[in-house]
There are 2 protein chains.
Amino acid sequence: MAAAHRVVIIGGGFGGLTAALRLRRAPVEVTLIDRRNYHLFQPLLYQVATGVLSPANIASPLREILKRQKNTRVLLAEATHVDAARRRVILSDGTVEYDTLIVSAGVRHQYFGHPEWERFAPGLKTIEDATHMRRRILLAFEAAEREPHPGKRLAWMTFVIVGAGPTGAELAGALGEIANDTLRHDFRSINPSEARILLLEGAGRVLPLYPPRLSAAARHMLEGLGVTVRTDCFVTGIEGHGVTIRQGGRTEEIPARTVLWAAGVLGSPLGRDLAEAAGARVDGAGRVVVGPDLTVPGHPEIFVIGDLANFSHHQGKPLPGVAQAAIQEARYVARIIADRLRGHKTPLFRWVDKGNLAAIGRAAAVADLNWVRMSGMPAWLLWLVVHLLYIVEFRNRVLVLLQWGWLYLTYDRSSRLITGENPLPLDL
Amino acid sequence: MAAAHRVVIIGGGFGGLTAALRLRRAPVEVTLIDRRNYHLFQPLLYQVATGVLSPANIASPLREILKRQKNTRVLLAEATHVDAARRRVILSDGTVEYDTLIVSAGVRHQYFGHPEWERFAPGLKTIEDATHMRRRILLAFEAAEREPHPGKRLAWMTFVIVGAGPTGAELAGALGEIANDTLRHDFRSINPSEARILLLEGAGRVLPLYPPRLSAAARHMLEGLGVTVRTDCFVTGIEGHGVTIRQGGRTEEIPARTVLWAAGVLGSPLGRDLAEAAGARVDGAGRVVVGPDLTVPGHPEIFVIGDLANFSHHQGKPLPGVAQAAIQEARYVARIIADRLRGHKTPLFRWVDKGNLAAIGRAAAVADLNWVRMSGMPAWLLWLVVHLLYIVEFRNRVLVLLQWGWLYLTYDRSSRLITGENPLPLDL
């Protein structure tokens, strides 16, 4: 008997995990490599950052999900390099050989050539990012409560969110709720509803990838939550005490102790590694340009999927970095692998855009399903159902639904813990 | 109108929080100082360390609990020193004046003169401790899965718990369940049920403060979960690769990569500070010896309660460091403060021992209620009800009950996340 075909998957996000699950019945040996021992439901990460959910509610151990899938093993390891010539993945502590490789290593946030901003403006991609952001938000209110000087207090109570894509808009909406409702009775010296929440966007409108009508609806909802939206506005500097912005040719300094980053992303270093090792081309955001079958040109045995892939679907425009794209790509790759082993031909990958959803605070959202667009409560209910369905574990679905119900009824965000190394004294 | 009597409370644990809540209707101004922004339900911390519960399930924001209590403010601050002469508390970033002071700053674990052991044998007092311990336990199995050398693999699969009080016994029981049930199908190279779990105790039996019959029952339950119990056994060395023990005059080295500390405790540094500043006496464990009314001798305006207090209740024996002691003391102190303001006399503090409970794994526990003793399922149900009742927030009661039900039905511990700084490569 010949040895089974070895499929190695790098990354246990939506793309990598879906591919592994879809290869369940294929005559292959699957190895799923991840630096983390869990699959993370990134679309709800902002709810950890804003104290609604716990990390474990949106993270499921990969071993738990795959425990009964006998043809699959999970490797807690860091893939540092692809040796395309010898068909093996180099780990920080070993190597793994493959016959077919699926790279689904995702993206991190980037600061457009200003890595020094990261210290002052944390982004939101990992659980550690989320608990750090939560800590920063909560400590800002604590510091304001202790600060006697009015100007300094205002800087502590000013929150700047850079980038008004879905993550930025959802963060801003949640901050508006925290300031107006959750913390309403919590303090004695400050009034949290006096917090200034600024949402900055370089494009001409919030949610720039949505239809203009929904952008307008989202902006209206955000303003209703006390968020100040500034579009056509560019950040030119970020420091510990504020941001510098340029808008309409004018430069302005905004004192703010809390700046949250929801702007650009940059592909995993493995993308650039593939460029060198397998002759792949990467785009400006570090994403690997893949062919119509999602392989790296010249390497039919290497697939790149998910946020790390640049698949041109329409006039050279890459697919958006969303879960549904990664999932569709993963299903396609699992199918092509099985087809090849059976000697079947597979049609080229075709992307089906199911639409977009973003939740803006309490019972408010925007939804663009292509055939219908909506905002407000109906969009929010749809958002809720879709997100619940895509959460992996049944247990977590129940826990998340319960906590959403609690939030809805009480405005209480009970997971607002300041954790991590000692936060005191209250200064950065 | 005279200024209100100022009560300052240091520590938001069971003692400090209960005192604040009990002073709700007293004509006083309460300031509750804590380094953390939440009250922590420490008795369930081992369930965070073993992947059942999330930190937020057992932690409630102090501001949330006290938001409607108008006479009370919460200060996120670190109290470093009590200036008893000028009646003020020195913070790391300010001062607070008091008329009455309640010190309820708790204890940390101690290593009996071997602080160098802490690095290798983490203890369990804070949320950070619990997520660190969880990480250590889970990484050990991951490392074993990757380790080809049988001897090294065995060291990764050996877990030593030092101290068989309630925390140690509960940890050992949970580890037994993890190895035998939770992880049963998770790995491909190792069989988790081959893990060695050693529970070491210096006294002659586990749960040495319980009646001997319950100690025997607990030992029987632990052994049923695959735990090896060694009593009259002293740890003389802890390093990254194992522990050295002395038992019956013989010295032995046990290769083990995971050592968990559940032995001694040491009072907060504020206890020793009170000794210097107010002439208090501290015992060998750093606890402040208090008078029959829980005050520091010579300072009727300074109370010490909770784990930090040494109150002799019977032939010089101090009260145990348990929640019910802290709660009873706090109620007494709140009463004495109100009585004094009304010019009433308060009888001396009287401790009512309601008994002890410890859960040893699945549907198994021991309970000593003084008038009745039980073990097994009835004790476990009692343990469950008592713990649920003492969790502060309703939301958390529901979430905890749900997760216990899930654990009971499936053996799944879904909160088994490895979080924190990058864990790879897999070595210490």
# chains A, B, ... in the order shown; residues from 1 in each chain; ligands from 1
call {"tool": "select_by_dssp", "arguments": {"residues": "range 113-167 of chain A", "states": "strand (DSSP E)", "output": "PyMOL selection string"}}
result
chain A and resi 158-162
call {"tool": "write_last_selection", "arguments": {"atoms": "N, CA and C atoms", "output": "compact mmCIF listing (two decimals), in the first residue's frame"}}
result
# COMPACT_ATOMS: atom_id res chain seq x y z
N THR A 158 -10.87 61.00 25.89
CA THR A 158 -10.98 61.07 24.43
C THR A 158 -10.46 59.78 23.82
N PHE A 159 -11.30 59.16 23.01
CA PHE A 159 -10.97 57.89 22.37
C PHE A 159 -10.97 58.08 20.87
N VAL A 160 -9.85 57.77 20.24
CA VAL A 160 -9.74 57.93 18.79
C VAL A 160 -9.65 56.55 18.16
N ILE A 161 -10.52 56.27 17.22
CA ILE A 161 -10.46 55.01 16.48
C ILE A 161 -10.05 55.33 15.05
N VAL A 162 -8.95 54.75 14.61
CA VAL A 162 -8.42 55.03 13.28
C VAL A 162 -8.90 53.94 12.32
call {"tool": "closest_atom_pairs", "arguments": {"of": "chain A", "to": "chain B", "cutoff": "6 Å", "atoms": "only C-alpha atoms", "output": "tab-separated table"}}
result
residue	atom	partner	partner_atom	distance
A:Ala56	CA	B:Ser415	CA	5.0
A:Arg63	CA	B:Asp186	CA	5.3
A:Lys67	CA	B:Asp186	CA	4.9
A:His185	CA	B:Lys67	CA	5.3
A:Asp186	CA	B:Lys67	CA	4.9
A:Ser415	CA	B:Ala56	CA	5.0
call {"tool": "residues_around", "arguments": {"residues": "Arg6 in chain A", "least_positions_apart": "2", "cutoff": "6 Å", "atoms": "only C-alpha atoms", "output": "number ranges by chain"}}
result
A: 28-29, 98-99
call {"tool": "atom_distance", "arguments": {"atom1": "CA of Arg22 in chain A", "atom2": "CA of Leu44 in chain A"}}
result
23.8 Å
call {"tool": "residues_around", "arguments": {"residues": "Gly316 in chain A", "least_positions_apart": "5", "cutoff": "12 Å", "atoms": "only C-alpha atoms", "output": "compact mmCIF listing (two decimals) with N, CA, C and O atoms, in the first residue's frame"}}
result
# COMPACT_ATOMS: atom_id res chain seq x y z
N ASP A 283 1.39 41.32 -3.16
CA ASP A 283 0.91 42.67 -3.44
C ASP A 283 1.39 43.63 -2.34
O ASP A 283 2.14 43.24 -1.43
N VAL A 289 -0.35 36.67 -4.53
CA VAL A 289 -1.23 36.65 -5.70
C VAL A 289 -1.34 35.21 -6.18
O VAL A 289 -0.34 34.57 -6.52
N VAL A 290 -2.57 34.68 -6.16
CA VAL A 290 -2.77 33.28 -6.54
C VAL A 290 -3.46 33.19 -7.90
O VAL A 290 -4.09 34.15 -8.36
N GLY A 291 -3.32 32.02 -8.53
CA GLY A 291 -3.94 31.78 -9.83
C GLY A 291 -5.42 31.48 -9.68
O GLY A 291 -5.96 31.46 -8.57
N PRO A 292 -6.09 31.22 -10.81
CA PRO A 292 -7.54 30.99 -10.79
C PRO A 292 -7.94 29.71 -10.04
O PRO A 292 -9.12 29.52 -9.74
N ASN A 310 -4.36 36.88 -2.41
CA ASN A 310 -4.91 37.91 -3.28
C ASN A 310 -5.45 37.20 -4.51
O ASN A 310 -4.71 36.81 -5.40
N PHE A 311 -6.76 36.98 -4.54
CA PHE A 311 -7.42 36.33 -5.67
C PHE A 311 -8.21 37.40 -6.41
O PHE A 311 -9.12 38.02 -5.84
call {"tool": "residues_around", "arguments": {"residues": "range 102-107 of chain B", "least_positions_apart": "3", "cutoff": "10 Å", "atoms": "only C-alpha atoms", "output": "PyMOL selection string"}}
result
chain B and resi 7-17+19-20+32-35+79+82+98+110+125+264-271+274+285-288+294-295+301-309+321+326+330+333-334
call {"tool": "write_last_selection", "arguments": {"atoms": "C-alpha atoms", "output": "mmCIF file, in the first residue's frame"}}
result
data_model
loop_
_atom_site.group_PDB
_atom_site.id
_atom_site.type_symbol
_atom_site.label_atom_id
_atom_site.label_comp_id
_atom_site.auth_asym_id
_atom_site.auth_seq_id
_atom_site.Cartn_x
_atom_site.Cartn_y
_atom_site.Cartn_z
ATOM 1 C CA VAL B 7 -14.251 54.567 56.230
ATOM 2 C CA VAL B 8 -11.414 53.401 54.004
ATOM 3 C CA ILE B 9 -11.287 49.728 53.001
ATOM 4 C CA ILE B 10 -8.172 48.193 51.480
ATOM 5 C CA GLY B 11 -8.973 45.157 49.335
ATOM 6 C CA GLY B 12 -12.095 44.139 47.396
ATOM 7 C CA GLY B 13 -12.090 40.426 48.237
ATOM 8 C CA PHE B 14 -14.743 38.684 50.321
ATOM 9 C CA GLY B 15 -13.857 40.710 53.422
ATOM 10 C CA GLY B 16 -13.501 44.182 51.923
ATOM 11 C CA LEU B 17 -16.447 43.919 49.557
ATOM 12 C CA ALA B 19 -17.781 45.338 54.605
ATOM 13 C CA ALA B 20 -18.489 47.959 51.914
ATOM 14 C CA LEU B 32 -12.857 50.929 48.648
ATOM 15 C CA ILE B 33 -9.291 50.639 47.380
ATOM 16 C CA ASP B 34 -8.136 47.750 45.207
ATOM 17 C CA ARG B 35 -5.315 47.207 42.741
ATOM 18 C CA ALA B 79 -2.048 50.990 48.957
ATOM 19 C CA VAL B 82 -0.574 53.004 56.433
ATOM 20 C CA TYR B 98 -9.589 57.865 57.028
ATOM 21 C CA GLN B 110 4.890 31.635 49.711
ATOM 22 C CA LYS B 125 -4.129 33.430 43.826
ATOM 23 C CA GLY B 264 1.928 27.947 52.070
ATOM 24 C CA VAL B 265 0.550 31.458 52.080
ATOM 25 C CA LEU B 266 2.076 34.719 53.255
ATOM 26 C CA GLY B 267 0.190 37.840 54.322
ATOM 27 C CA SER B 268 0.235 40.959 52.167
ATOM 28 C CA PRO B 269 3.199 43.300 52.800
ATOM 29 C CA LEU B 270 0.641 45.689 54.315
ATOM 30 C CA GLY B 271 0.520 43.368 57.321
ATOM 31 C CA LEU B 274 1.009 47.740 60.010
ATOM 32 C CA ALA B 285 2.721 33.645 57.972
ATOM 33 C CA GLY B 286 2.723 37.446 57.946
ATOM 34 C CA ARG B 287 -0.823 37.720 59.329
ATOM 35 C CA VAL B 288 -1.724 40.542 61.698
ATOM 36 C CA LEU B 294 -10.726 42.523 65.186
ATOM 37 C CA THR B 295 -8.842 45.783 65.782
ATOM 38 C CA GLU B 301 -9.837 52.688 64.411
ATOM 39 C CA ILE B 302 -7.890 50.026 62.459
ATOM 40 C CA PHE B 303 -9.515 46.681 61.708
ATOM 41 C CA VAL B 304 -7.822 43.779 59.965
ATOM 42 C CA ILE B 305 -10.056 41.060 58.467
ATOM 43 C CA GLY B 306 -9.938 38.154 56.060
ATOM 44 C CA ASP B 307 -6.929 36.021 55.259
ATOM 45 C CA LEU B 308 -4.586 38.756 56.485
ATOM 46 C CA ALA B 309 -6.000 38.615 60.021
ATOM 47 C CA GLY B 321 -8.227 31.478 55.488
ATOM 48 C CA ALA B 326 -13.704 36.948 55.921
ATOM 49 C CA ALA B 330 -16.637 41.976 57.604
ATOM 50 C CA VAL B 333 -16.806 45.241 61.510
ATOM 51 C CA ALA B 334 -19.593 46.985 59.588
#
call {"tool": "closest_residue", "arguments": {"among": "B:Trp351, B:Leu260, B:Arg342, B:Trp404", "to": "Asp293 in chain B", "atoms": "only C-alpha atoms"}}
result
B:Trp351
call {"tool": "closest_atom_pairs", "arguments": {"of": "range 233-326 of chain A", "to": "range 200-222 of chain A", "cutoff": "10 Å", "atoms": "only C-alpha atoms", "output": "CSV"}}
result
residue,atom,partner,partner_atom,distance
A:Cys233,CA,A:Gly202,CA,4.8
A:Phe234,CA,A:Gly202,CA,5.3
A:Val235,CA,A:Leu200,CA,8.0
A:Ile245,CA,A:Leu200,CA,9.0
A:Arg246,CA,A:Gly202,CA,9.7
A:Gln247,CA,A:Gly202,CA,8.9
A:Ala262,CA,A:Leu200,CA,9.8
A:Ala263,CA,A:Glu201,CA,8.5
A:Pro320,CA,A:Leu209,CA,9.2
call {"tool": "write_last_selection", "arguments": {"atoms": "all heavy atoms", "output": "short mmCIF file (atom, residue, chain, number, x, y, z; two decimals), in the first residue's frame"}}
result
data_model
loop_
_atom_site.label_atom_id
_atom_site.label_comp_id
_atom_site.auth_asym_id
_atom_site.auth_seq_id
_atom_site.Cartn_x
_atom_site.Cartn_y
_atom_site.Cartn_z
N CYS A 233 -10.08 62.11 6.35
CA CYS A 233 -9.24 62.56 7.46
C CYS A 233 -8.07 61.60 7.61
O CYS A 233 -8.27 60.39 7.72
CB CYS A 233 -10.10 62.59 8.72
SG CYS A 233 -9.20 62.93 10.22
N PHE A 234 -6.86 62.12 7.59
CA PHE A 234 -5.68 61.26 7.61
C PHE A 234 -4.87 61.47 8.88
O PHE A 234 -4.65 62.60 9.31
CB PHE A 234 -4.81 61.54 6.38
CG PHE A 234 -5.54 61.25 5.12
CD1 PHE A 234 -6.30 62.23 4.49
CD2 PHE A 234 -5.52 59.97 4.57
CE1 PHE A 234 -7.01 61.96 3.34
CE2 PHE A 234 -6.23 59.69 3.42
CZ PHE A 234 -6.97 60.69 2.80
N VAL A 235 -4.43 60.37 9.46
CA VAL A 235 -3.59 60.45 10.65
C VAL A 235 -2.15 60.62 10.20
O VAL A 235 -1.64 59.84 9.39
CB VAL A 235 -3.74 59.16 11.49
CG1 VAL A 235 -2.74 59.15 12.63
CG2 VAL A 235 -5.15 59.05 12.02
N ILE A 245 -3.80 64.97 12.94
CA ILE A 245 -4.55 64.59 11.75
C ILE A 245 -4.48 65.70 10.72
O ILE A 245 -4.21 66.86 11.03
CB ILE A 245 -6.03 64.28 12.07
CG1 ILE A 245 -6.72 65.51 12.68
CG2 ILE A 245 -6.15 63.09 12.98
CD1 ILE A 245 -8.21 65.36 12.80
N ARG A 246 -4.71 65.31 9.47
CA ARG A 246 -4.79 66.26 8.38
C ARG A 246 -6.13 66.06 7.71
O ARG A 246 -6.51 64.95 7.36
CB ARG A 246 -3.65 66.02 7.40
CG ARG A 246 -3.49 67.11 6.32
CD ARG A 246 -2.13 67.00 5.63
NE ARG A 246 -1.83 65.62 5.24
CZ ARG A 246 -2.38 64.99 4.20
NH1 ARG A 246 -3.26 65.59 3.44
NH2 ARG A 246 -2.04 63.75 3.92
N GLN A 247 -6.86 67.14 7.57
CA GLN A 247 -8.19 67.04 6.97
C GLN A 247 -8.40 68.31 6.16
O GLN A 247 -8.27 69.42 6.71
CB GLN A 247 -9.26 66.90 8.06
CG GLN A 247 -10.63 66.50 7.52
CD GLN A 247 -11.63 66.28 8.64
OE1 GLN A 247 -11.47 66.83 9.72
NE2 GLN A 247 -12.66 65.49 8.37
N ALA A 262 -7.68 50.44 13.67
CA ALA A 262 -8.52 49.52 12.90
C ALA A 262 -8.35 49.82 11.42
O ALA A 262 -9.30 49.79 10.65
CB ALA A 262 -9.98 49.66 13.33
N ALA A 263 -7.11 50.12 11.03
CA ALA A 263 -6.89 50.51 9.64
C ALA A 263 -6.24 49.38 8.84
O ALA A 263 -6.85 48.34 8.66
CB ALA A 263 -6.04 51.78 9.61
N PRO A 320 -12.32 40.45 -0.58
CA PRO A 320 -12.17 41.08 0.74
C PRO A 320 -11.68 40.07 1.77
O PRO A 320 -11.88 38.87 1.63
CB PRO A 320 -13.59 41.56 1.06
CG PRO A 320 -14.49 40.66 0.28
CD PRO A 320 -13.73 40.33 -0.99
#
call {"tool": "closest_residue", "arguments": {"among": "B:Leu171, B:Ala49, B:Leu401, B:Ala256", "to": "Glu239 in chain B", "atoms": "only C-alpha atoms"}}
result
B:Ala256
call {"tool": "select_by_dssp", "arguments": {"residues": "range 128-215 of chain A", "states": "alpha helix (DSSP H)", "output": "ChimeraX atom specification"}}
result
/A:128-146,150-156,166-177,212-215
call {"tool": "residues_around", "arguments": {"residues": "range 118-120 of chain B", "least_positions_apart": "5", "cutoff": "7 Å", "atoms": "only C-alpha atoms", "output": "PyMOL selection string"}}
result
chain B and resi 238-240+259
call {"tool": "decode", "arguments": {"residues": "range 144-155 of chain A", "atoms": "all heavy atoms", "output": "PDB file, in the first residue's frame"}}
result
ATOM      1  N   ALA A 144      -9.115  58.923  34.313  1.00  0.00           N
ATOM      2  CA  ALA A 144      -9.902  60.163  34.276  1.00  0.00           C
ATOM      3  C   ALA A 144     -10.550  60.413  35.638  1.00  0.00           C
ATOM      4  O   ALA A 144     -10.573  61.549  36.132  1.00  0.00           O
ATOM      5  CB  ALA A 144     -10.966  60.074  33.181  1.00  0.00           C
ATOM      6  N   GLU A 145     -11.052  59.350  36.270  1.00  0.00           N
ATOM      7  CA  GLU A 145     -11.691  59.482  37.591  1.00  0.00           C
ATOM      8  C   GLU A 145     -10.712  60.050  38.616  1.00  0.00           C
ATOM      9  O   GLU A 145     -11.102  60.783  39.519  1.00  0.00           O
ATOM     10  CB  GLU A 145     -12.204  58.101  38.037  1.00  0.00           C
ATOM     11  CG  GLU A 145     -12.697  57.994  39.484  1.00  0.00           C
ATOM     12  CD  GLU A 145     -14.156  58.401  39.670  1.00  0.00           C
ATOM     13  OE1 GLU A 145     -14.735  58.956  38.725  1.00  0.00           O
ATOM     14  OE2 GLU A 145     -14.703  58.171  40.766  1.00  0.00           O
ATOM     15  N   ARG A 146      -9.432  59.724  38.468  1.00  0.00           N
ATOM     16  CA  ARG A 146      -8.430  60.170  39.440  1.00  0.00           C
ATOM     17  C   ARG A 146      -7.793  61.503  39.067  1.00  0.00           C
ATOM     18  O   ARG A 146      -7.060  62.078  39.863  1.00  0.00           O
ATOM     19  CB  ARG A 146      -7.314  59.123  39.552  1.00  0.00           C
ATOM     20  CG  ARG A 146      -7.729  57.745  40.015  1.00  0.00           C
ATOM     21  CD  ARG A 146      -7.900  57.678  41.512  1.00  0.00           C
ATOM     22  NE  ARG A 146      -6.716  58.079  42.243  1.00  0.00           N
ATOM     23  CZ  ARG A 146      -5.669  57.302  42.501  1.00  0.00           C
ATOM     24  NH1 ARG A 146      -5.680  56.061  42.107  1.00  0.00           N
ATOM     25  NH2 ARG A 146      -4.646  57.747  43.179  1.00  0.00           N
ATOM     26  N   GLU A 147      -8.011  62.006  37.835  1.00  0.00           N
ATOM     27  CA  GLU A 147      -7.266  63.161  37.328  1.00  0.00           C
ATOM     28  C   GLU A 147      -7.984  64.471  37.676  1.00  0.00           C
ATOM     29  O   GLU A 147      -9.084  64.706  37.197  1.00  0.00           O
ATOM     30  CB  GLU A 147      -7.113  63.032  35.809  1.00  0.00           C
ATOM     31  CG  GLU A 147      -6.413  64.187  35.133  1.00  0.00           C
ATOM     32  CD  GLU A 147      -5.005  64.413  35.646  1.00  0.00           C
ATOM     33  OE1 GLU A 147      -4.174  63.508  35.474  1.00  0.00           O
ATOM     34  OE2 GLU A 147      -4.751  65.488  36.251  1.00  0.00           O
ATOM     35  N   PRO A 148      -7.354  65.324  38.491  1.00  0.00           N
ATOM     36  CA  PRO A 148      -8.037  66.579  38.849  1.00  0.00           C
ATOM     37  C   PRO A 148      -7.978  67.645  37.754  1.00  0.00           C
ATOM     38  O   PRO A 148      -8.868  68.486  37.660  1.00  0.00           O
ATOM     39  CB  PRO A 148      -7.279  67.046  40.101  1.00  0.00           C
ATOM     40  CG  PRO A 148      -5.931  66.380  40.040  1.00  0.00           C
ATOM     41  CD  PRO A 148      -6.079  65.127  39.211  1.00  0.00           C
ATOM     42  N   HIS A 149      -6.954  67.637  36.908  1.00  0.00           N
ATOM     43  CA  HIS A 149      -6.766  68.695  35.906  1.00  0.00           C
ATOM     44  C   HIS A 149      -7.733  68.509  34.732  1.00  0.00           C
ATOM     45  O   HIS A 149      -7.730  67.451  34.090  1.00  0.00           O
ATOM     46  CB  HIS A 149      -5.314  68.639  35.420  1.00  0.00           C
ATOM     47  CG  HIS A 149      -4.953  69.740  34.479  1.00  0.00           C
ATOM     48  ND1 HIS A 149      -5.313  69.734  33.153  1.00  0.00           N
ATOM     49  CD2 HIS A 149      -4.264  70.875  34.669  1.00  0.00           C
ATOM     50  CE1 HIS A 149      -4.859  70.820  32.573  1.00  0.00           C
ATOM     51  NE2 HIS A 149      -4.214  71.542  33.468  1.00  0.00           N
ATOM     52  N   PRO A 150      -8.582  69.513  34.431  1.00  0.00           N
ATOM     53  CA  PRO A 150      -9.626  69.320  33.408  1.00  0.00           C
ATOM     54  C   PRO A 150      -9.077  68.944  32.030  1.00  0.00           C
ATOM     55  O   PRO A 150      -9.637  68.070  31.361  1.00  0.00           O
ATOM     56  CB  PRO A 150     -10.336  70.677  33.354  1.00  0.00           C
ATOM     57  CG  PRO A 150      -9.975  71.368  34.622  1.00  0.00           C
ATOM     58  CD  PRO A 150      -8.630  70.861  35.039  1.00  0.00           C
ATOM     59  N   GLY A 151      -7.996  69.586  31.608  1.00  0.00           N
ATOM     60  CA  GLY A 151      -7.452  69.288  30.279  1.00  0.00           C
ATOM     61  C   GLY A 151      -6.925  67.868  30.198  1.00  0.00           C
ATOM     62  O   GLY A 151      -7.191  67.137  29.241  1.00  0.00           O
ATOM     63  N   LYS A 152      -6.182  67.468  31.217  1.00  0.00           N
ATOM     64  CA  LYS A 152      -5.654  66.107  31.241  1.00  0.00           C
ATOM     65  C   LYS A 152      -6.793  65.088  31.323  1.00  0.00           C
ATOM     66  O   LYS A 152      -6.735  64.019  30.736  1.00  0.00           O
ATOM     67  CB  LYS A 152      -4.707  65.926  32.430  1.00  0.00           C
ATOM     68  CG  LYS A 152      -3.390  66.670  32.284  1.00  0.00           C
ATOM     69  CD  LYS A 152      -2.493  66.395  33.476  1.00  0.00           C
ATOM     70  CE  LYS A 152      -1.186  67.192  33.375  1.00  0.00           C
ATOM     71  NZ  LYS A 152      -0.385  67.083  34.604  1.00  0.00           N
ATOM     72  N   ARG A 153      -7.821  65.451  32.076  1.00  0.00           N
ATOM     73  CA  ARG A 153      -8.957  64.533  32.196  1.00  0.00           C
ATOM     74  C   ARG A 153      -9.630  64.336  30.842  1.00  0.00           C
ATOM     75  O   ARG A 153      -9.986  63.222  30.460  1.00  0.00           O
ATOM     76  CB  ARG A 153      -9.960  65.087  33.223  1.00  0.00           C
ATOM     77  CG  ARG A 153     -10.980  64.064  33.656  1.00  0.00           C
ATOM     78  CD  ARG A 153     -11.679  64.481  34.933  1.00  0.00           C
ATOM     79  NE  ARG A 153     -12.317  65.771  34.795  1.00  0.00           N
ATOM     80  CZ  ARG A 153     -12.210  66.776  35.661  1.00  0.00           C
ATOM     81  NH1 ARG A 153     -11.484  66.630  36.746  1.00  0.00           N
ATOM     82  NH2 ARG A 153     -12.819  67.917  35.452  1.00  0.00           N
ATOM     83  N   LEU A 154      -9.763  65.431  30.103  1.00  0.00           N
ATOM     84  CA  LEU A 154     -10.385  65.329  28.784  1.00  0.00           C
ATOM     85  C   LEU A 154      -9.568  64.424  27.858  1.00  0.00           C
ATOM     86  O   LEU A 154     -10.134  63.635  27.093  1.00  0.00           O
ATOM     87  CB  LEU A 154     -10.546  66.723  28.158  1.00  0.00           C
ATOM     88  CG  LEU A 154     -11.273  66.747  26.806  1.00  0.00           C
ATOM     89  CD1 LEU A 154     -12.701  66.253  26.958  1.00  0.00           C
ATOM     90  CD2 LEU A 154     -11.263  68.142  26.196  1.00  0.00           C
ATOM     91  N   ALA A 155      -8.237  64.516  27.955  1.00  0.00           N
ATOM     92  CA  ALA A 155      -7.398  63.643  27.120  1.00  0.00           C
ATOM     93  C   ALA A 155      -7.618  62.178  27.479  1.00  0.00           C
ATOM     94  O   ALA A 155      -7.639  61.304  26.609  1.00  0.00           O
ATOM     95  CB  ALA A 155      -5.926  64.015  27.282  1.00  0.00           C
TER      96      ALA A 155
END
